[in-house]
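Structure file model.cif (mmCIF, C-alpha atoms and all ligand atoms) is printed below.
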```
data_protein
loop_
_atom_site.group_PDB
_atom_site.id
_atom_site.type_symbol
_atom_site.label_atom_id
_atom_site.label_comp_id
_atom_site.auth_asym_id
_atom_site.auth_seq_id
_atom_site.Cartn_x
_atom_site.Cartn_y
_atom_site.Cartn_z
ATOM 1 C CA MET A 1 28.527 -1.870 24.768
ATOM 2 C CA ARG A 2 25.072 -1.801 26.383
ATOM 3 C CA GLU A 3 22.245 -3.525 24.563
ATOM 4 C CA ARG A 4 19.978 -1.226 22.629
ATOM 5 C CA VAL A 5 16.341 -1.930 21.887
ATOM 6 C CA VAL A 6 13.911 -0.233 19.513
ATOM 7 C CA LEU A 7 10.404 -0.473 20.971
ATOM 8 C CA LYS A 8 7.131 0.384 19.226
ATOM 9 C CA TRP A 9 4.001 0.901 21.299
ATOM 10 C CA GLY A 10 1.153 0.368 18.863
ATOM 11 C CA GLY A 11 -1.528 3.033 18.671
ATOM 12 C CA GLY A 12 -4.172 0.322 19.132
ATOM 13 C CA LEU A 13 -2.499 -0.542 22.441
ATOM 14 C CA ILE A 14 -2.107 2.893 24.013
ATOM 15 C CA THR A 15 -5.450 4.329 22.787
ATOM 16 C CA GLU A 16 -9.031 3.138 22.374
ATOM 17 C CA LYS A 17 -8.775 2.774 18.636
ATOM 18 C CA ASP A 18 -12.389 3.461 17.746
ATOM 19 C CA GLN A 19 -13.064 6.250 20.284
ATOM 20 C CA MET A 20 -11.716 9.585 19.130
ATOM 21 C CA LYS A 21 -8.690 10.688 21.154
ATOM 22 C CA THR A 22 -9.043 8.324 24.102
ATOM 23 C CA VAL A 23 -5.859 7.278 25.904
ATOM 24 C CA ARG A 24 -5.577 3.999 27.794
ATOM 25 C CA THR A 25 -3.767 5.522 30.777
ATOM 26 C CA ASP A 26 -3.662 2.250 32.730
ATOM 27 C CA VAL A 27 -1.960 0.499 29.799
ATOM 28 C CA LEU A 28 0.425 3.416 29.344
ATOM 29 C CA ASP A 29 1.447 3.225 33.015
ATOM 30 C CA GLN A 30 1.950 -0.550 32.768
ATOM 31 C CA LEU A 31 4.120 -0.142 29.682
ATOM 32 C CA THR A 32 6.105 2.619 31.324
ATOM 33 C CA ASP A 33 6.806 0.387 34.340
ATOM 34 C CA GLN A 34 8.169 -2.240 31.969
ATOM 35 C CA LEU A 35 10.284 0.330 30.146
ATOM 36 C CA HIS A 36 11.624 1.490 33.501
ATOM 37 C CA ALA A 37 12.605 -2.092 34.357
ATOM 38 C CA CYS A 38 14.559 -2.315 31.077
ATOM 39 C CA LEU A 39 16.430 0.906 31.811
ATOM 40 C CA GLU A 40 17.214 -0.339 35.332
ATOM 41 C CA GLN A 41 18.753 -3.431 33.788
ATOM 42 C CA GLY A 42 21.032 -1.238 31.666
ATOM 43 C CA PHE A 43 19.217 -1.451 28.338
ATOM 44 C CA GLU A 44 19.110 1.636 26.125
ATOM 45 C CA VAL A 45 15.630 2.065 24.667
ATOM 46 C CA ILE A 46 14.433 4.079 21.674
ATOM 47 C CA LEU A 47 10.662 4.449 21.880
ATOM 48 C CA VAL A 48 8.314 4.944 18.939
ATOM 49 C CA HIS A 49 4.569 5.132 19.430
ATOM 50 C CA GLY A 50 1.659 4.852 17.061
ATOM 51 C CA ALA A 51 -1.396 7.026 16.617
ATOM 52 C CA GLY A 52 -4.511 4.949 17.274
ATOM 53 C CA SER A 53 -7.557 7.195 17.639
ATOM 54 C CA PHE A 54 -5.354 10.350 17.780
ATOM 55 C CA GLY A 55 -4.386 9.889 14.139
ATOM 56 C CA HIS A 56 -6.158 7.311 12.043
ATOM 57 C CA LEU A 57 -9.743 8.507 12.274
ATOM 58 C CA LYS A 58 -9.145 12.084 11.095
ATOM 59 C CA ALA A 59 -6.395 11.081 8.663
ATOM 60 C CA LYS A 60 -8.869 8.660 7.098
ATOM 61 C CA GLN A 61 -11.672 11.247 6.930
ATOM 62 C CA TYR A 62 -9.438 13.714 5.054
ATOM 63 C CA LYS A 63 -7.554 11.062 3.034
ATOM 64 C CA LEU A 64 -4.219 12.351 4.291
ATOM 65 C CA ALA A 65 -2.411 9.143 3.329
ATOM 66 C CA ASP A 66 -3.288 9.832 -0.323
ATOM 67 C CA GLY A 67 -1.550 13.208 -0.359
ATOM 68 C CA LEU A 68 -3.021 16.405 -1.764
ATOM 69 C CA LEU A 69 -6.288 15.831 -3.639
ATOM 70 C CA PRO A 70 -6.899 19.252 -5.238
ATOM 71 C CA ASN A 71 -10.087 18.165 -6.990
ATOM 72 C CA VAL A 72 -11.834 16.848 -3.897
ATOM 73 C CA GLU A 73 -13.741 19.189 -1.626
ATOM 74 C CA PHE A 74 -13.380 18.253 2.024
ATOM 75 C CA GLN A 75 -15.772 19.453 4.751
ATOM 76 C CA PRO A 76 -15.640 21.021 7.286
ATOM 77 C CA LEU A 77 -11.837 21.358 7.072
ATOM 78 C CA SER A 78 -9.472 21.591 4.126
ATOM 79 C CA GLN A 79 -6.800 18.876 3.946
ATOM 80 C CA ARG A 80 -4.172 21.449 5.031
ATOM 81 C CA ASP A 81 -6.186 22.370 8.138
ATOM 82 C CA ALA A 82 -6.770 18.694 8.854
ATOM 83 C CA ILE A 83 -2.981 18.132 8.760
ATOM 84 C CA GLU A 84 -2.558 20.789 11.455
ATOM 85 C CA GLU A 85 -5.255 19.124 13.563
ATOM 86 C CA VAL A 86 -3.788 15.641 13.220
ATOM 87 C CA ARG A 87 -0.298 16.927 14.012
ATOM 88 C CA ASN A 88 -1.635 18.683 17.106
ATOM 89 C CA ASP A 89 -3.559 15.583 18.126
ATOM 90 C CA MET A 90 -0.367 13.542 17.784
ATOM 91 C CA LEU A 91 1.526 16.079 19.911
ATOM 92 C CA GLU A 92 -1.239 15.706 22.497
ATOM 93 C CA LEU A 93 -0.912 11.911 22.495
ATOM 94 C CA ASN A 94 2.858 12.257 22.699
ATOM 95 C CA GLN A 95 2.391 14.506 25.741
ATOM 96 C CA HIS A 96 0.389 11.716 27.426
ATOM 97 C CA VAL A 97 3.291 9.362 26.714
ATOM 98 C CA MET A 98 5.855 11.861 28.020
ATOM 99 C CA ASP A 99 3.747 12.484 31.143
ATOM 100 C CA ALA A 100 3.595 8.741 31.804
ATOM 101 C CA LEU A 101 7.395 8.541 31.467
ATOM 102 C CA THR A 102 7.809 11.518 33.809
ATOM 103 C CA ARG A 103 5.509 9.877 36.386
ATOM 104 C CA ARG A 104 8.051 7.044 36.429
ATOM 105 C CA ASP A 105 11.041 9.430 36.586
ATOM 106 C CA ILE A 106 12.224 8.433 33.125
ATOM 107 C CA SER A 107 14.152 11.171 31.302
ATOM 108 C CA ALA A 108 12.979 11.358 27.723
ATOM 109 C CA VAL A 109 13.202 13.675 24.719
ATOM 110 C CA ALA A 110 10.556 13.654 21.976
ATOM 111 C CA ILE A 111 11.255 14.609 18.369
ATOM 112 C CA PRO A 112 8.109 14.828 16.203
ATOM 113 C CA PRO A 113 8.661 13.492 12.659
ATOM 114 C CA HIS A 114 7.027 16.489 10.974
ATOM 115 C CA GLN A 115 10.082 18.432 12.201
ATOM 116 C CA TRP A 116 12.777 16.085 10.919
ATOM 117 C CA ALA A 117 11.363 13.565 8.406
ATOM 118 C CA LYS A 118 10.156 13.853 4.830
ATOM 119 C CA GLY A 119 8.449 11.243 2.693
ATOM 120 C CA THR A 120 6.742 8.019 3.693
ATOM 121 C CA GLY A 121 7.548 4.302 3.640
ATOM 122 C CA PRO A 122 10.754 2.644 4.820
ATOM 123 C CA ASP A 123 13.011 4.873 2.698
ATOM 124 C CA PHE A 124 11.752 8.178 4.079
ATOM 125 C CA GLU A 125 14.336 10.971 4.380
ATOM 126 C CA GLY A 126 15.432 12.076 7.820
ATOM 127 C CA ASP A 127 18.577 12.273 9.863
ATOM 128 C CA LEU A 128 18.657 9.687 12.661
ATOM 129 C CA THR A 129 21.719 11.023 14.425
ATOM 130 C CA PHE A 130 19.680 12.538 17.292
ATOM 131 C CA PHE A 131 18.648 9.002 18.175
ATOM 132 C CA GLU A 132 22.198 7.711 17.910
ATOM 133 C CA GLN A 133 23.725 10.485 19.994
ATOM 134 C CA ALA A 134 21.232 10.497 22.858
ATOM 135 C CA PRO A 135 23.017 10.631 26.213
ATOM 136 C CA ARG A 136 23.008 7.382 28.181
ATOM 137 C CA GLY A 137 19.766 6.671 29.960
ATOM 138 C CA ILE A 138 17.785 9.264 28.020
ATOM 139 C CA VAL A 139 14.914 7.701 26.083
ATOM 140 C CA MET A 140 14.491 9.242 22.643
ATOM 141 C CA VAL A 141 10.836 9.215 21.617
ATOM 142 C CA THR A 142 9.131 9.671 18.267
ATOM 143 C CA PHE A 143 5.864 8.595 16.619
ATOM 144 C CA GLY A 144 3.805 8.118 13.458
ATOM 145 C CA ASP A 145 2.933 11.520 11.977
ATOM 146 C CA VAL A 146 1.824 13.545 8.957
ATOM 147 C CA VAL A 147 4.979 14.557 7.088
ATOM 148 C CA GLU A 148 5.808 16.633 4.033
ATOM 149 C CA CYS A 149 6.375 14.768 0.768
ATOM 150 C CA ASP A 150 7.642 15.807 -2.647
ATOM 151 C CA HIS A 151 5.349 17.281 -5.274
ATOM 152 C CA PRO A 152 2.674 16.253 -6.326
ATOM 153 C CA ARG A 153 1.672 14.421 -3.120
ATOM 154 C CA GLN A 154 2.952 17.176 -0.832
ATOM 155 C CA PHE A 155 2.161 15.249 2.349
ATOM 156 C CA GLY A 156 1.518 11.750 3.599
ATOM 157 C CA ILE A 157 1.445 9.528 6.677
ATOM 158 C CA LEU A 158 4.721 8.219 8.004
ATOM 159 C CA SER A 159 4.005 5.144 10.126
ATOM 160 C CA GLY A 160 5.941 4.400 13.291
ATOM 161 C CA ASP A 161 6.493 0.960 11.736
ATOM 162 C CA ASP A 162 8.557 2.555 8.973
ATOM 163 C CA ILE A 163 10.488 4.582 11.532
ATOM 164 C CA VAL A 164 11.372 1.575 13.704
ATOM 165 C CA LYS A 165 12.622 -0.326 10.684
ATOM 166 C CA ARG A 166 15.110 2.430 9.851
ATOM 167 C CA LEU A 167 16.125 2.911 13.483
ATOM 168 C CA ALA A 168 16.726 -0.812 13.931
ATOM 169 C CA ALA A 169 18.726 -1.033 10.718
ATOM 170 C CA GLU A 170 20.786 2.144 10.979
ATOM 171 C CA ILE A 171 21.455 2.895 14.642
ATOM 172 C CA GLU A 172 24.649 1.429 15.994
ATOM 173 C CA GLY A 173 24.285 -1.330 18.572
ATOM 174 C CA VAL A 174 20.579 -2.191 18.220
ATOM 175 C CA ASN A 175 20.067 -5.820 19.212
ATOM 176 C CA ARG A 176 16.324 -6.087 19.176
ATOM 177 C CA LEU A 177 13.132 -4.621 17.712
ATOM 178 C CA VAL A 178 9.965 -5.210 19.729
ATOM 179 C CA PHE A 179 6.428 -4.418 18.589
ATOM 180 C CA ALA A 180 4.049 -4.190 21.563
ATOM 181 C CA MET A 181 0.481 -4.615 20.354
ATOM 182 C CA GLY A 182 -3.081 -4.453 21.622
ATOM 183 C CA GLY A 183 -5.759 -7.076 21.036
ATOM 184 C CA VAL A 184 -3.438 -9.873 19.888
ATOM 185 C CA GLU A 185 -0.619 -11.835 21.521
ATOM 186 C CA GLY A 186 1.525 -11.867 18.393
ATOM 187 C CA VAL A 187 0.977 -13.121 14.864
ATOM 188 C CA LEU A 188 -2.001 -15.456 14.653
ATOM 189 C CA ALA A 189 -2.414 -18.337 12.221
ATOM 190 C CA SER A 190 -5.374 -16.458 10.674
ATOM 191 C CA PRO A 191 -7.078 -13.116 11.322
ATOM 192 C CA PRO A 192 -9.347 -13.185 14.412
ATOM 193 C CA GLN A 193 -13.103 -13.241 13.675
ATOM 194 C CA ASP A 194 -15.871 -11.983 15.971
ATOM 195 C CA GLY A 195 -17.612 -14.835 17.782
ATOM 196 C CA GLU A 196 -14.958 -17.389 16.745
ATOM 197 C CA PRO A 197 -12.247 -18.804 19.025
ATOM 198 C CA MET A 198 -8.938 -16.934 18.825
ATOM 199 C CA PRO A 199 -6.756 -18.551 16.142
ATOM 200 C CA GLU A 200 -3.480 -20.187 17.173
ATOM 201 C CA LEU A 201 -0.591 -17.914 18.125
ATOM 202 C CA LEU A 202 2.461 -18.541 15.962
ATOM 203 C CA SER A 203 5.571 -18.577 18.175
ATOM 204 C CA THR A 204 7.754 -18.075 15.121
ATOM 205 C CA LEU A 205 7.100 -16.791 11.628
ATOM 206 C CA SER A 206 9.603 -16.983 8.821
ATOM 207 C CA SER A 207 9.488 -14.938 5.652
ATOM 208 C CA ASN A 208 8.357 -17.802 3.454
ATOM 209 C CA ASP A 209 5.456 -18.778 5.750
ATOM 210 C CA VAL A 210 2.082 -17.797 4.359
ATOM 211 C CA PHE A 211 0.608 -15.065 6.498
ATOM 212 C CA VAL A 212 -2.734 -13.326 6.057
ATOM 213 C CA GLY A 213 -2.822 -10.234 8.256
ATOM 214 C CA GLU A 214 -5.976 -8.467 9.246
ATOM 215 C CA HIS A 215 -6.020 -4.836 8.213
ATOM 216 C CA GLN A 216 -8.845 -2.681 9.539
ATOM 217 C CA SER A 217 -8.842 -0.450 6.481
ATOM 218 C CA ASP A 218 -12.124 1.106 7.648
ATOM 219 C CA MET A 219 -10.142 2.747 10.480
ATOM 220 C CA ASP A 220 -6.481 2.315 9.708
ATOM 221 C CA VAL A 221 -4.563 4.546 7.301
ATOM 222 C CA THR A 222 -1.309 2.638 7.723
ATOM 223 C CA GLY A 223 -0.779 -1.086 7.411
ATOM 224 C CA GLY A 224 -1.982 -2.938 10.547
ATOM 225 C CA ILE A 225 -0.101 -6.070 11.578
ATOM 226 C CA GLY A 226 0.896 -6.795 7.960
ATOM 227 C CA LEU A 227 3.095 -3.697 7.894
ATOM 228 C CA LYS A 228 4.765 -4.642 11.190
ATOM 229 C CA VAL A 229 5.554 -8.109 9.864
ATOM 230 C CA LYS A 230 6.877 -6.690 6.576
ATOM 231 C CA ARG A 231 9.089 -4.086 8.230
ATOM 232 C CA GLY A 232 10.110 -6.635 10.858
ATOM 233 C CA PHE A 233 11.394 -9.011 8.175
ATOM 234 C CA GLU A 234 13.283 -6.146 6.538
ATOM 235 C CA ALA A 235 14.879 -5.298 9.893
ATOM 236 C CA LEU A 236 16.061 -8.920 10.305
ATOM 237 C CA ASP A 237 18.535 -8.277 7.503
ATOM 238 C CA SER A 238 20.489 -6.093 9.924
ATOM 239 C CA GLY A 239 21.074 -9.114 12.160
ATOM 240 C CA ILE A 240 18.760 -8.141 15.012
ATOM 241 C CA GLU A 241 15.990 -10.057 16.794
ATOM 242 C CA VAL A 242 12.419 -9.045 15.983
ATOM 243 C CA TRP A 243 9.468 -9.814 18.265
ATOM 244 C CA LEU A 244 5.742 -9.060 18.177
ATOM 245 C CA VAL A 245 4.165 -9.359 21.620
ATOM 246 C CA SER A 246 1.100 -8.355 23.574
ATOM 247 C CA GLY A 247 1.359 -5.140 25.563
ATOM 248 C CA GLU A 248 -1.669 -6.196 27.591
ATOM 249 C CA HIS A 249 -0.420 -9.369 29.286
ATOM 250 C CA GLY A 250 2.034 -9.606 32.181
ATOM 251 C CA LEU A 251 5.551 -8.392 31.559
ATOM 252 C CA ARG A 252 5.865 -9.598 27.997
ATOM 253 C CA VAL A 253 7.143 -6.311 26.593
ATOM 254 C CA GLN A 254 9.966 -6.119 29.089
ATOM 255 C CA GLU A 255 10.779 -9.821 28.672
ATOM 256 C CA ALA A 256 10.990 -9.398 24.901
ATOM 257 C CA CYS A 257 13.130 -6.257 25.224
ATOM 258 C CA MET A 258 15.518 -8.052 27.580
ATOM 259 C CA GLY A 259 15.804 -11.116 25.361
ATOM 260 C CA LEU A 260 14.136 -13.411 27.926
ATOM 261 C CA PRO A 261 11.800 -16.270 26.979
ATOM 262 C CA VAL A 262 8.414 -14.735 26.177
ATOM 263 C CA THR A 263 5.002 -15.587 24.740
ATOM 264 C CA GLY A 264 4.679 -13.889 21.355
ATOM 265 C CA THR A 265 5.941 -14.250 17.808
ATOM 266 C CA GLN A 266 9.565 -14.115 16.827
ATOM 267 C CA LEU A 267 10.298 -13.349 13.196
ATOM 268 C CA LEU A 268 12.970 -15.541 11.688
ATOM 269 C CA LYS A 269 14.890 -15.558 8.442
ATOM 270 C CA SER A 270 13.837 -18.363 6.152
HETATM 271 C C1 LIG B 1 0.122 6.470 12.055
HETATM 272 O O1 LIG B 1 1.221 5.929 12.709
HETATM 273 C C2 LIG B 1 0.228 7.989 12.103
HETATM 274 C C3 LIG B 1 -1.041 8.719 11.830
HETATM 275 C C4 LIG B 1 -2.175 8.177 11.499
HETATM 276 C C5 LIG B 1 -0.983 10.171 11.954
HETATM 277 P P1 LIG B 1 1.319 4.350 13.050
HETATM 278 O O2 LIG B 1 1.078 3.562 11.793
HETATM 279 O O3 LIG B 1 2.647 4.148 13.704
HETATM 280 O O4 LIG B 1 0.152 4.183 14.089
HETATM 281 P P2 LIG B 1 -0.588 2.889 14.730
HETATM 282 O O5 LIG B 1 0.411 2.181 15.593
HETATM 283 O O6 LIG B 1 -1.059 2.045 13.564
HETATM 284 O O7 LIG B 1 -1.716 3.496 15.498
#
```

Represent the structure of the file as structure tokens.
Ligand code: IPE
Amino acid sequence: MRERVVLKWGGGLITEKDQMKTVRTDVLDQLTDQLHACLEQGFEVILVHGAGSFGHLKAKQYKLADGLLPNVEFQPLSQRDAIEEVRNDMLELNQHVMDALTRRDISAVAIPPHQWAKGTGPDFEGDLTFFEQAPRGIVMVTFGDVVECDHPRQFGILSGDDIVKRLAAEIEGVNRLVFAMGGVEGVLASPPQDGEPMPELLSTLSSNDVFVGEHQSDMDVTGGIGLKVKRGFEALDSGIEVWLVSGEHGLRVQEACMGLPVTGTQLLKS
């Protein structure tokens, strides 16, 4: 059986995170070239992308991760209208991703979570068989999104990090989960600080190592690198390799996907 890889392109990698709805097209093209190389080598890839500035800023403004807040008055939009906007913004970002894949002649099919998933966190409900049954060579694509939830929350934010965990654990034949990130080369020994030298890159991290992740809660409605590490450790239980690498340096994403030696952080069982 061919090797199968679940790949997450972080929203902070493919967008300018603090500039509303700004795509990093050069990065997207670089990443797509690397994805193409993986497909050429016979790897099957399932692609999940994050939101960056197409999701977090507005979701934060309207507290969409907290669910319905009937006693709070939001301006200028209601939470329901904000959901529609964020979903449309995510479809727009997804279209940039699909266009980049098309520019590289990659055949891909996108399935937005608000159409097939319900609930948030790693135990969200949603049938993954579309991903499993994709024809050979077709890249199935999905992304972090605003999804329906049970009463009383009614809606919430499903992170791509939760999606990749389930895909890696439940889809037949997945060998590897790779998180491609912006701004960091992997997991650092401590959170980076402005004006300070970059802390040491940890080449491995095991679940009993102490790890303090930076979480930009002023911008981020999901969990930053801490959530990737947490979901990554959970995915290890399915016997796959988990890597966190930079999507901004060389060919690290493709090297990680292919199981070649790479600069980054490998998660290990303790
Ligand atoms: C967040 O998804 C989705 C929305 C804010 C709508 P992710 O958690 O996968 O996004 P990134 O990778 O942090 O941007």

* **Which residue of A:Ile14, A:Leu205, A:Ile46, A:Ile225 approaches A:Gly137 most closely, using only C-alpha atoms** => A:Ile46

Please tabulate, as JSON lines, the residues of stretch 140-254 of chain A that come within 8 Å of stretch 58-79 of chain A, each with its closest pair of atoms and the distance in Å to one decimal, counting only C-alpha atoms and ordering rows by chain, then residue number upward.
```
{"residue": "A:Val146", "atom": "CA", "partner": "A:Leu64", "partner_atom": "CA", "distance": 7.7}
{"residue": "A:Pro152", "atom": "CA", "partner": "A:Leu68", "partner_atom": "CA", "distance": 7.3}
{"residue": "A:Arg153", "atom": "CA", "partner": "A:Gly67", "partner_atom": "CA", "distance": 4.4}
{"residue": "A:Gln154", "atom": "CA", "partner": "A:Gly67", "partner_atom": "CA", "distance": 6.0}
{"residue": "A:Phe155", "atom": "CA", "partner": "A:Gly67", "partner_atom": "CA", "distance": 5.0}
{"residue": "A:Gly156", "atom": "CA", "partner": "A:Ala65", "partner_atom": "CA", "distance": 4.7}
{"residue": "A:Ile157", "atom": "CA", "partner": "A:Ala65", "partner_atom": "CA", "distance": 5.1}
{"residue": "A:Met219", "atom": "CA", "partner": "A:Lys60", "partner_atom": "CA", "distance": 6.9}
{"residue": "A:Asp220", "atom": "CA", "partner": "A:Lys60", "partner_atom": "CA", "distance": 7.3}
{"residue": "A:Val221", "atom": "CA", "partner": "A:Lys60", "partner_atom": "CA", "distance": 6.0}
{"residue": "A:Thr222", "atom": "CA", "partner": "A:Ala65", "partner_atom": "CA", "distance": 7.9}
```

* Using all atoms listed in the file, find each residue with an atom at most 6 Å away from ligand LIG 1 (chain B) and format the answer as a PyMOL selection string. => chain A and resi 10-12+50-52+55-56+59+144-146+157+159-161+222+224

* To do: List the residues selected by the PyMOL selection byres (((chain A and resi 111-125) around 9) and not hetatm) in the file shown, writing them as a PyMOL selection string.
  => chain A and resi 87+90-91+94+109-110+126-128+130+140-150+154-159+161-166+231

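The shell of residues at most 9 Å from A:Asp237, with only C-alpha atoms counted and near chain neighbours (fewer than 4 positions) removed, consists of Ala169, Phe233 and Lys269 of chain A.
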
Just to be explicit: take each residue in the selection above, keep C-alpha atoms, and write the result as a PDB file, in the frame of the given file.
```pdb
ATOM      1  CA  ALA A 169      18.726  -1.033  10.718  1.00  0.00           C
ATOM      2  CA  PHE A 233      11.394  -9.011   8.175  1.00  0.00           C
ATOM      3  CA  LYS A 269      14.890 -15.558   8.442  1.00  0.00           C
TER       4      LYS A 269
END
```

* Give me the residues within 6 Å of A:Leu202 as a count of residues only, counting all atoms listed in the file and dropping any in the same chain fewer than 3 places off. => 3

* Asked: Mind telling me what the PyMOL selection byres (((chain A and resi 21) around 6) and not hetatm) catches here, as a list of chain:residue names?
  -> A:Met20, A:Thr22, A:Ser53, A:Phe54

Go ahead and save the picked residues with C-alpha atoms, as a compact mmCIF listing (two decimals), keeping the file's coordinate frame.
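And here is the file that came out, selection.txt:
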```txt
# COMPACT_ATOMS: atom_id res chain seq x y z
CA MET A 20 -11.72 9.59 19.13
CA THR A 22 -9.04 8.32 24.10
CA SER A 53 -7.56 7.20 17.64
CA PHE A 54 -5.35 10.35 17.78
```

* Of the candidates A:Val139, A:Val210, A:Lys8, A:Ile240, which one gets nearest to A:Gly173 if we count all atoms listed in the file? ->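 Checking each candidate against A:Gly173, we get A:Ile240 as the closest.
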
* **Neighbour list for stretch 241-257 of chain A as a count of residues only, cut-off 8 Å, all atoms listed in the file, skip fewer than 4 positions in-chain** => 35

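Of note, atom CA of A:Asn208 and atom CA of A:Gly226 are spaced 14.0 Å apart.
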
* Interatomic distance, atom CA of A:Glu172 to atom CA of A:Glu132 (Å, one decimal) ->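 Distance between the two atoms: 7.0 Å.
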
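Atom CA of A:Asp33 is found 17.7 Å from atom CA of A:Arg4.
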
* To do: Kindly indicate which residue among A:Ser190, A:Thr25, A:Ser238, A:Thr204 lies nearest to A:Gln95, using all atoms listed in the file for the distances.
  => A:Thr25

Report, as AutoDock Vina command-line options, the centre and edge lengths in Å (one decimal) of the axis-aligned box enclosing every listed atom of stretch 160-175 of chain A, padded by 4 Å on each side.
```
--center_x 15.3 --center_y -0.6 --center_z 14.1 --size_x 26.7 --size_y 18.4 --size_z 18.2
```

Stretch 25-37 of chain A rebuilt with N, CA and C atoms, output as an mmCIF file, keeping the file's coordinate frame:
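The result, written out as rebuild-v5.cif:
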```cif
data_model
loop_
_atom_site.group_PDB
_atom_site.id
_atom_site.type_symbol
_atom_site.label_atom_id
_atom_site.label_comp_id
_atom_site.auth_asym_id
_atom_site.auth_seq_id
_atom_site.Cartn_x
_atom_site.Cartn_y
_atom_site.Cartn_z
ATOM 1 N N THR A 25 -4.790 5.093 29.818
ATOM 2 C CA THR A 25 -3.767 5.522 30.777
ATOM 3 C C THR A 25 -3.227 4.344 31.590
ATOM 4 N N ASP A 26 -4.125 3.393 31.937
ATOM 5 C CA ASP A 26 -3.662 2.250 32.730
ATOM 6 C C ASP A 26 -2.630 1.437 31.938
ATOM 7 N N VAL A 27 -2.893 1.254 30.657
ATOM 8 C CA VAL A 27 -1.960 0.499 29.799
ATOM 9 C C VAL A 27 -0.642 1.276 29.684
ATOM 10 N N LEU A 28 -0.762 2.572 29.476
ATOM 11 C CA LEU A 28 0.425 3.416 29.344
ATOM 12 C C LEU A 28 1.300 3.315 30.607
ATOM 13 N N ASP A 29 0.671 3.313 31.777
ATOM 14 C CA ASP A 29 1.447 3.225 33.015
ATOM 15 C C ASP A 29 2.121 1.857 33.154
ATOM 16 N N GLN A 30 1.394 0.809 32.756
ATOM 17 C CA GLN A 30 1.950 -0.550 32.768
ATOM 18 C C GLN A 30 3.178 -0.642 31.867
ATOM 19 N N LEU A 31 3.031 -0.094 30.663
ATOM 20 C CA LEU A 31 4.120 -0.142 29.682
ATOM 21 C C LEU A 31 5.318 0.663 30.178
ATOM 22 N N THR A 32 5.026 1.767 30.827
ATOM 23 C CA THR A 32 6.105 2.619 31.324
ATOM 24 C C THR A 32 6.864 1.910 32.445
ATOM 25 N N ASP A 33 6.132 1.179 33.292
ATOM 26 C CA ASP A 33 6.806 0.387 34.340
ATOM 27 C C ASP A 33 7.770 -0.611 33.704
ATOM 28 N N GLN A 34 7.312 -1.235 32.621
ATOM 29 C CA GLN A 34 8.169 -2.240 31.969
ATOM 30 C C GLN A 34 9.382 -1.581 31.304
ATOM 31 N N LEU A 35 9.173 -0.408 30.747
ATOM 32 C CA LEU A 35 10.284 0.330 30.146
ATOM 33 C C LEU A 35 11.301 0.708 31.231
ATOM 34 N N HIS A 36 10.764 1.125 32.376
ATOM 35 C CA HIS A 36 11.624 1.490 33.501
ATOM 36 C C HIS A 36 12.486 0.290 33.923
ATOM 37 N N ALA A 37 11.857 -0.884 33.970
ATOM 38 C CA ALA A 37 12.605 -2.092 34.357
ATOM 39 C C ALA A 37 13.745 -2.352 33.372
#
```
